[in-house]
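Chemist: My structure is below; once you've seen it, I'll send some questions.
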Amino acid sequence: MSTPISEIQALTAKAFRTPEKFTAFCRNGGKPLGGIINGEQVKGTMNVTFETVDPGSQEVLATVCEMGEAEVARAVSAAQRAFQGDGGPGWRSVDVEKRIALCQKLVELCERDRDVLLACEVLDGGKVSELAEGDFDQLRNCMEYFAGVARKIPLGDGPSTIISETVNGFAYREPWGVVAGIIPWNYPIVLTSWFMFPALLSGNTILIKPAEDTPLSALYIGKLAQEAGFPPGVINVLPGRGEITGQCIAEHPGVRYIAFTGSPGVGHLIMRVCDRHGTRMKREMGGNGSAIVLADADPKMVARLIGRHTNQHYGQTCCTIHRIFVDRKIADDFIDAETEFFKNLKIGYQADAGTQLGAVINPTQRRRILQAQQETVARGGTALLAGGEASVAGKTGFYVKPALYRTEPGHNVNPQEVFHCYATICPVSSAEEALQLANSSPYGLGASIWTKDVQKGVALAKQFRDGTAQVNCHNMVSYGLPYGGQGISGGPGGGVNCEETFTDYTQVKSVYVGNYPA
Ligand code: NAD
């Protein structure tokens, strides 16, 4: 049965009550929350702390210790010892079934404390419950998928090949050793899972560097990892600012591989550091996604579906839609319907029932978004909804109104990723014109075609340069299919969530074996 058009809604909040266990975790017995190194909470030798706040209320949730050069060095040593083994078998040689069992146990503990981790997403990350609940499910989904991959892809010696009469050779696959995941603030649990499970299940020991705006879920997962029985040093969590903690991780020669998710600017910066040290790196970065609506689509329905995607996490979703190209024949109806959808989004506090558009993550983001709204008009966009600051009674969060613009081909009004409920609508005369405009962006993460003619849609979708091309859907992620970007949206590696992701966390050597010369 299809959903009536009026029931296609933006992701919406249920009322969320802060669990006592979350409050106790944040309070940490009156001490700032430390990083987790070698299975212990560590204060940090810099004696620097930072506050993590609820973006919808600016209430301080917890005080967190920043990890500096000394802590990064300590974490790398602990992870190296855990990898190699310190008097016993190291994580590298632990049987794959034992690794899987520990990861399963960790997920079970996360599920036991689901309300605490949801509180991290809702209160620290500023999300509505409908999104936070879906994100939470990725912990199990991701672990189970990579457990299957770990059972399927053998590490160690590959088949032997005869090279010559006296020499044989084979490929030898092994984990890198110490690998680091540098995580952004918009999907803390999802992106920690996407890094943590393939990295651990392929035999690496890990450093998790959460974003400074959302450190709580990674710290809580790190705490549960100790309870699950992970050997000390296998999972280390290093909170702190990017330019301090993140930079120290990138600079440390003991880190063999870095999985970075974040903005293209920071990704390129870290890549240059990695190049200096010979550290391998994969990069999953920002997007400026597009949608093309063909003339046979129902403008009212598709406008609502696209609106729902555009507002996923208030537009703070890397692959979502910010550029819409719609056939001129239906453009006026589409624009009216999209304007109505955006205008009626319920702005509010993310933990209050009914909220669809909560606060953005921090004041810097709010400033950037407001500036981008002004620049869109300066570049020739006609405001259908002008955006601007919003307010929510009784809350002092970082609220911004949705923004929607009409534009014409040839006006490049939104060249940058604008991380908000923000979109431009450009009427076009043909699908080919739309494709050419959609592909003219330097980003290439997610794009979609909307049409009743699915076959035609598939043929057009394959012509997007983006790493994820979709027909009549958007923001799709599925285990088994790669999720990665082209252009400035991605870097080397097979993307995330596929078998190649698992092998990205391993290195391959060629081993040649000759007979001893007679
Ligand atoms: P960001 O690039 O500012 O920060 C990402 C991480 O890098 C944070 O942990 C930060 O502390 C760290 N960092 C910052 N400077 C650093 C430095 N000099 N050295 C080492 N680490 C440093 O990104 P953000 O604002 O946190 O996140 C939003 C961005 O992430 C958007 O561009 C979004 O599209 C992108 N993103 C991409 C994906 C994807 O899968 N492609 C997923 C989510 C988010």
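Labeling convention for the structure tokens: chains A, B, ... as they appear, residues from 1 per chain, ligands from 1 in order of appearance.
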Near His277 of chain A, within 8 Å and counting only C-alpha atoms, which residues show up once chain neighbours fewer than 3 positions away are dropped, as a ChimeraX atom specification?
Modeler: /A:251,253,273-274
Chemist: Give the residues close to ligand 1, within 6 Å, counting only C-alpha atoms and all ligand atoms; write them as an NGL selection string.
Modeler: :A and (182-185 or 209-212 or 241-243 or 246-247 or 250 or 261-263 or 266 or 270 or 284-287 or 318)
Chemist: Atom CA of Ile488 of chain A to atom CA of Tyr443 of chain A: how many Å, to one decimal?
Modeler: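 Separating atom CA of Ile488 of chain A from atom CA of Tyr443 of chain A is a distance of 5.2 Å.
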Chemist: Find the residues around Ala218 of chain A up to 8 Å (only C-alpha atoms counted), leave out those fewer than 4 positions away in its own chain, and share them as a list of chain:residue names.
Modeler: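 That gives A:Pro188, A:Ile189, A:Thr192, A:Ile208, A:Pro210, A:Gly222, A:Val237.
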Chemist: Produce a file of the selected residues containing C-alpha atoms, as a PDB file, in the first residue's frame.
Modeler:
ATOM      1  CA  PRO A 188      28.992   9.650  15.686  1.00  0.00           C
ATOM      2  CA  ILE A 189      27.633   6.134  16.339  1.00  0.00           C
ATOM      3  CA  THR A 192      32.391   4.917  14.732  1.00  0.00           C
ATOM      4  CA  ILE A 208      39.146   6.382  17.811  1.00  0.00           C
ATOM      5  CA  PRO A 210      35.730  11.455  17.985  1.00  0.00           C
ATOM      6  CA  GLY A 222      35.157   2.569  24.770  1.00  0.00           C
ATOM      7  CA  VAL A 237      39.510   6.582  22.513  1.00  0.00           C
TER       8      VAL A 237
END
Chemist: Would you mind telling me which residue in A:Ala15, A:Ile258, A:Val302, A:Val167 lies nearest to Arg283 of chain A when using only C-alpha atoms?
Modeler: A:Ile258
Chemist: Please indicate the distance in Å from atom CA of Gly85 of chain A to atom CA of Leu191 of chain A, rounded to one decimal place.
Modeler: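 Taking atom CA of Gly85 of chain A as the start and atom CA of Leu191 of chain A as the end point, the length is 27.8 Å.
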Chemist: List every residue of segment 252-342 of chain A that has an atom at most 9 Å from any atom of segment 410-430 of chain A, giving for each one its closest atom pair and the distance in Å to one decimal, counting only C-alpha atoms, sorted by chain and then by ascending residue number, as a Markdown table.
Modeler:
| residue | atom | partner | partner_atom | distance |
| --- | --- | --- | --- | --- |
| A:Gly286 | CA | A:Glu417 | CA | 6.9 |
| A:Gly287 | CA | A:Glu417 | CA | 6.0 |
| A:Asn288 | CA | A:Glu417 | CA | 5.0 |
| A:Gly289 | CA | A:Glu417 | CA | 8.5 |
| A:Leu294 | CA | A:Ser430 | CA | 8.2 |
| A:Ala295 | CA | A:Ser430 | CA | 9.0 |
| A:Gly307 | CA | A:Cys421 | CA | 8.6 |
| A:Thr310 | CA | A:Cys421 | CA | 5.9 |
| A:Asn311 | CA | A:Cys421 | CA | 5.0 |
| A:Gln312 | CA | A:Cys421 | CA | 8.0 |
| A:His313 | CA | A:His420 | CA | 8.3 |
| A:Tyr314 | CA | A:Cys421 | CA | 5.1 |
| A:Gly315 | CA | A:His420 | CA | 4.0 |
| A:Gln316 | CA | A:Phe419 | CA | 4.7 |
| A:Thr317 | CA | A:Phe419 | CA | 7.2 |
| A:Cys318 | CA | A:Phe419 | CA | 7.9 |
| A:Ile321 | CA | A:Ala423 | CA | 7.1 |
| A:His322 | CA | A:Ala423 | CA | 4.2 |
| A:Arg323 | CA | A:Thr424 | CA | 5.1 |
| A:Ile324 | CA | A:Ile425 | CA | 4.7 |
| A:Phe325 | CA | A:Cys426 | CA | 4.8 |
| A:Val326 | CA | A:Pro427 | CA | 4.9 |
| A:Asp327 | CA | A:Val428 | CA | 5.0 |
| A:Arg328 | CA | A:Pro427 | CA | 4.9 |
| A:Lys329 | CA | A:Ser429 | CA | 8.2 |
| A:Ile330 | CA | A:Pro427 | CA | 8.7 |
| A:Ala331 | CA | A:Pro427 | CA | 5.9 |
| A:Asp332 | CA | A:Pro427 | CA | 8.8 |
| A:Ile335 | CA | A:Ile425 | CA | 7.4 |
| A:Phe342 | CA | A:Cys421 | CA | 8.2 |
Chemist: Only C-alpha atoms, please: the residues just picked out, written as a CSV table (one decimal), in the first residue's frame.
Modeler:
chain,number,residue,atom,x,y,z
A,286,GLY,CA,31.7,16.1,2.1
A,287,GLY,CA,29.1,16.3,-0.7
A,288,ASN,CA,26.8,18.7,-2.5
A,289,GLY,CA,24.2,16.1,-3.6
A,294,LEU,CA,11.9,14.2,-14.8
A,295,ALA,CA,8.7,15.5,-16.4
A,307,GLY,CA,12.3,17.5,1.2
A,310,THR,CA,17.2,17.3,2.3
A,311,ASN,CA,16.2,17.7,5.9
A,312,GLN,CA,17.7,14.5,7.2
A,313,HIS,CA,19.6,15.6,10.3
A,314,TYR,CA,18.6,19.1,9.2
A,315,GLY,CA,20.7,18.8,6.0
A,316,GLN,CA,23.8,17.9,8.0
A,317,THR,CA,24.1,14.6,6.1
A,318,CYS,CA,27.1,14.3,3.7
A,321,ILE,CA,20.3,16.7,-1.7
A,322,HIS,CA,21.2,20.4,-1.9
A,323,ARG,CA,20.8,20.9,-5.7
A,324,ILE,CA,17.5,20.0,-7.4
A,325,PHE,CA,17.1,20.1,-11.2
A,326,VAL,CA,13.5,19.7,-12.3
A,327,ASP,CA,11.9,19.6,-15.8
A,328,ARG,CA,10.5,23.0,-16.7
A,329,LYS,CA,7.1,21.4,-17.6
A,330,ILE,CA,6.5,20.5,-13.9
A,331,ALA,CA,8.8,23.1,-12.3
A,332,ASP,CA,6.1,25.5,-11.0
A,335,ILE,CA,8.6,24.5,-6.5
A,342,PHE,CA,10.2,23.4,3.8
Chemist: Taking only segment 226-377 of chain A into account, list the residues labelled strand (DSSP E or B) by DSSP (computed from the backbone), as a ChimeraX atom specification.
Modeler: /A:235-237,257-261,280-284,289-293,321-327,347,357
Chemist: Export, as a PDB file, in the first residue's frame, the selected residues with C-alpha atoms.
Modeler:
ATOM      1  CA  ILE A 235      40.332  -0.043  21.549  1.00  0.00           C
ATOM      2  CA  ASN A 236      41.591   3.391  22.606  1.00  0.00           C
ATOM      3  CA  VAL A 237      39.510   6.582  22.513  1.00  0.00           C
ATOM      4  CA  TYR A 257      46.622   3.627   8.542  1.00  0.00           C
ATOM      5  CA  ILE A 258      44.114   6.456   8.993  1.00  0.00           C
ATOM      6  CA  ALA A 259      40.431   6.272   8.101  1.00  0.00           C
ATOM      7  CA  PHE A 260      39.231   9.868   7.930  1.00  0.00           C
ATOM      8  CA  THR A 261      35.637  11.013   7.598  1.00  0.00           C
ATOM      9  CA  ARG A 280      48.178   5.074   4.298  1.00  0.00           C
ATOM     10  CA  MET A 281      44.891   6.935   4.477  1.00  0.00           C
ATOM     11  CA  LYS A 282      41.348   6.622   3.230  1.00  0.00           C
ATOM     12  CA  ARG A 283      39.090   9.664   3.038  1.00  0.00           C
ATOM     13  CA  GLU A 284      35.302   9.880   3.082  1.00  0.00           C
ATOM     14  CA  GLY A 289      24.227  16.128  -3.637  1.00  0.00           C
ATOM     15  CA  SER A 290      21.827  16.546  -6.524  1.00  0.00           C
ATOM     16  CA  ALA A 291      18.410  15.264  -7.556  1.00  0.00           C
ATOM     17  CA  ILE A 292      16.969  15.316 -11.073  1.00  0.00           C
ATOM     18  CA  VAL A 293      13.191  15.241 -11.416  1.00  0.00           C
ATOM     19  CA  ILE A 321      20.287  16.749  -1.675  1.00  0.00           C
ATOM     20  CA  HIS A 322      21.183  20.434  -1.934  1.00  0.00           C
ATOM     21  CA  ARG A 323      20.806  20.926  -5.719  1.00  0.00           C
ATOM     22  CA  ILE A 324      17.547  20.025  -7.443  1.00  0.00           C
ATOM     23  CA  PHE A 325      17.102  20.051 -11.235  1.00  0.00           C
ATOM     24  CA  VAL A 326      13.496  19.745 -12.323  1.00  0.00           C
ATOM     25  CA  ASP A 327      11.942  19.561 -15.794  1.00  0.00           C
ATOM     26  CA  ILE A 347      11.521  24.018  14.165  1.00  0.00           C
ATOM     27  CA  LEU A 357      14.294  20.887  12.390  1.00  0.00           C
TER      28      LEU A 357
END
Chemist: Taking only C-alpha atoms into account, which of A:Cys142, A:Val392, A:Val400, A:Cys248 comes nearest Val477 of chain A?
Modeler: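 The shortest atom-to-atom distance to Val477 of chain A comes from A:Cys142.
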